[in-house]
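Asks: Handing you a structure now.
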Amino acid sequence: MGKVYAVGVGPGSPKYVTEIVKEIVQNCDILIGYKYTLKTIEHLIGGKEIYEITMNDQEKSYQKILPDLGDRTLVIPFTGDVNFSESEVVDRLIEIFGEVEIVPGISSIQVAASRAKVPLDKSKVITMHVTTPIEDKKLELQKALIDGFSVVLVPRPWPKQPDKHFMPSEIAIYLQENGFDTTKMKVHVFEAITTENETNFEGTVKELEGKEFSDLSVMVFNQASLDSYMNYKWQWEN
């Protein structure tokens, strides 16, 4: 069988596609991906065999390619980083194709943390963007905030099933109902980050109630304070 790659193409701007991913895409024969993801790399995929998929029909495309792949190279691009919020898809690709080489990309969570000046090594990163129940993740969010961590969070858009929809407004209400003073909690919500359509809400969690955000959203709960190396002079004085 030919080579199969799962690659991250960054949050949306072509400028955030890494050189190694560009090389893999330019040298492949077939691409299977979502519309938004393919648009990020549209300048690299001229002349390729391309399958645009949705969540509902992706399995059909993978199964169609499998017997005809031969010695050709297949690339499945993912928005952001393959290793974040995409494990269910990657696991299925491994089940179908066997050997799949995974190449990471720049995630929206990295960019959002940078925009908000929140260090990832002092934060908790949580994704609600999964199909499984998220009750444990809700408790994880509460614990992280109580413990004083900043949190970089990917919410879950599911407008057709309100009980599964957990976007910034629902998150704000959930936290308020669980005893948090959301009037004092600082938060950013970035939409379409790195693209020409990027927006940035900055305010309190309370102010998120009733506000609508797109499915291309990332939240940053900012509980960070400056802690420079000047606070640790013992490192160079002894």
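Chains: A, B, ... in order of the structure tokens. Residues: from 1 per chain. Ligands: from 1, in order shown.
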Quick one: contact table of segment 161-209 of chain A to segment 136-150 of chain A, 10 Å max, nearest atom pair and distance in Å to one decimal per residue, counting only C-alpha atoms, chain and number order, as a tab-separated table?
Replies:
```
residue	atom	partner	partner_atom	distance
A:Phe166	CA	A:Lys138	CA	9.8
A:Ile171	CA	A:Lys138	CA	8.8
A:Tyr174	CA	A:Lys138	CA	8.8
A:Leu175	CA	A:Gln142	CA	7.6
A:Asn178	CA	A:Gln142	CA	8.5
A:Gly179	CA	A:Gln142	CA	9.8
A:Phe180	CA	A:Gln142	CA	8.8
A:Met185	CA	A:Leu145	CA	9.6
A:Lys186	CA	A:Ser150	CA	9.7
A:Val187	CA	A:Ser150	CA	9.6
```
Asks: Which residues are close to Val130 of chain A, i.e. within 9 Å by only C-alpha atoms, leaving aside same-chain residues fewer than 6 positions away? Reply as an NGL selection string.
Replies: :A and (85-86 or 88 or 156)
Asks: Could the residues in this selection be written to a file with all heavy atoms, as a PDB file, in the first residue's frame?
Replies:
```pdb
ATOM      1  N   SER A  85      -7.954  17.090  19.648  1.00  0.00           N
ATOM      2  CA  SER A  85      -9.381  17.046  19.292  1.00  0.00           C
ATOM      3  C   SER A  85      -9.680  16.246  18.033  1.00  0.00           C
ATOM      4  O   SER A  85     -10.755  16.411  17.444  1.00  0.00           O
ATOM      5  CB  SER A  85      -9.953  18.471  19.105  1.00  0.00           C
ATOM      6  OG  SER A  85     -10.152  19.084  20.351  1.00  0.00           O
ATOM      7  N   GLU A  86      -8.778  15.402  17.597  1.00  0.00           N
ATOM      8  CA  GLU A  86      -9.017  14.630  16.379  1.00  0.00           C
ATOM      9  C   GLU A  86      -8.739  13.142  16.573  1.00  0.00           C
ATOM     10  O   GLU A  86      -8.643  12.400  15.604  1.00  0.00           O
ATOM     11  CB  GLU A  86      -8.134  15.155  15.229  1.00  0.00           C
ATOM     12  CG  GLU A  86      -8.357  16.611  14.873  1.00  0.00           C
ATOM     13  CD  GLU A  86      -9.684  16.855  14.165  1.00  0.00           C
ATOM     14  OE1 GLU A  86     -10.456  15.890  13.958  1.00  0.00           O
ATOM     15  OE2 GLU A  86      -9.958  18.021  13.822  1.00  0.00           O
ATOM     16  N   GLU A  88     -10.410  10.543  17.520  1.00  0.00           N
ATOM     17  CA  GLU A  88     -11.373   9.571  17.024  1.00  0.00           C
ATOM     18  C   GLU A  88     -11.196   9.332  15.530  1.00  0.00           C
ATOM     19  O   GLU A  88     -11.321   8.196  15.054  1.00  0.00           O
ATOM     20  CB  GLU A  88     -12.794  10.052  17.309  1.00  0.00           C
ATOM     21  CG  GLU A  88     -13.112  10.143  18.803  1.00  0.00           C
ATOM     22  CD  GLU A  88     -14.418  10.860  19.063  1.00  0.00           C
ATOM     23  OE1 GLU A  88     -15.009  11.405  18.103  1.00  0.00           O
ATOM     24  OE2 GLU A  88     -14.861  10.869  20.222  1.00  0.00           O
ATOM     25  N   ARG A 156     -17.916  23.233  22.418  1.00  0.00           N
ATOM     26  CA  ARG A 156     -18.527  22.233  21.546  1.00  0.00           C
ATOM     27  C   ARG A 156     -19.787  22.781  20.875  1.00  0.00           C
ATOM     28  O   ARG A 156     -20.801  22.993  21.527  1.00  0.00           O
ATOM     29  CB  ARG A 156     -18.882  20.976  22.334  1.00  0.00           C
ATOM     30  CG  ARG A 156     -19.557  19.911  21.467  1.00  0.00           C
ATOM     31  CD  ARG A 156     -19.554  18.538  22.100  1.00  0.00           C
ATOM     32  NE  ARG A 156     -20.560  18.402  23.129  1.00  0.00           N
ATOM     33  CZ  ARG A 156     -20.892  17.210  23.669  1.00  0.00           C
ATOM     34  NH1 ARG A 156     -20.258  16.112  23.278  1.00  0.00           N
ATOM     35  NH2 ARG A 156     -21.802  17.151  24.601  1.00  0.00           N
TER      36      ARG A 156
END
```
Asks: Kindly indicate which residue among A:Ile173, A:Val151, A:Ile193, A:Ile53 lies nearest to Val111 of chain A, using only C-alpha atoms for the distances.
Replies: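 Ranking A:Ile173, A:Val151, A:Ile193, A:Ile53 by distance to Val111 of chain A, first place goes to A:Ile193.
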Asks: Please report the interatomic distance between atom CA of Tyr51 of chain A and atom CA of Asp91 of chain A in Å with one decimal.
Replies: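 Computing it gives 19.7 Å between the two atoms.
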Asks: Return as a Markdown table the residues of segment 33-91 of chain A lying at most 12 Å from segment 208-226 of chain A, together with the closest atom-to-atom pair for each and the distance in Å to one decimal, counting only C-alpha atoms, with rows in chain order and ascending residue number.
Replies:
```
| residue | atom | partner | partner_atom | distance |
| --- | --- | --- | --- | --- |
| A:Tyr36 | CA | A:Leu216 | CA | 10.2 |
| A:Thr37 | CA | A:Leu216 | CA | 11.8 |
| A:Thr79 | CA | A:Leu216 | CA | 10.3 |
| A:Gly80 | CA | A:Leu216 | CA | 11.0 |
```
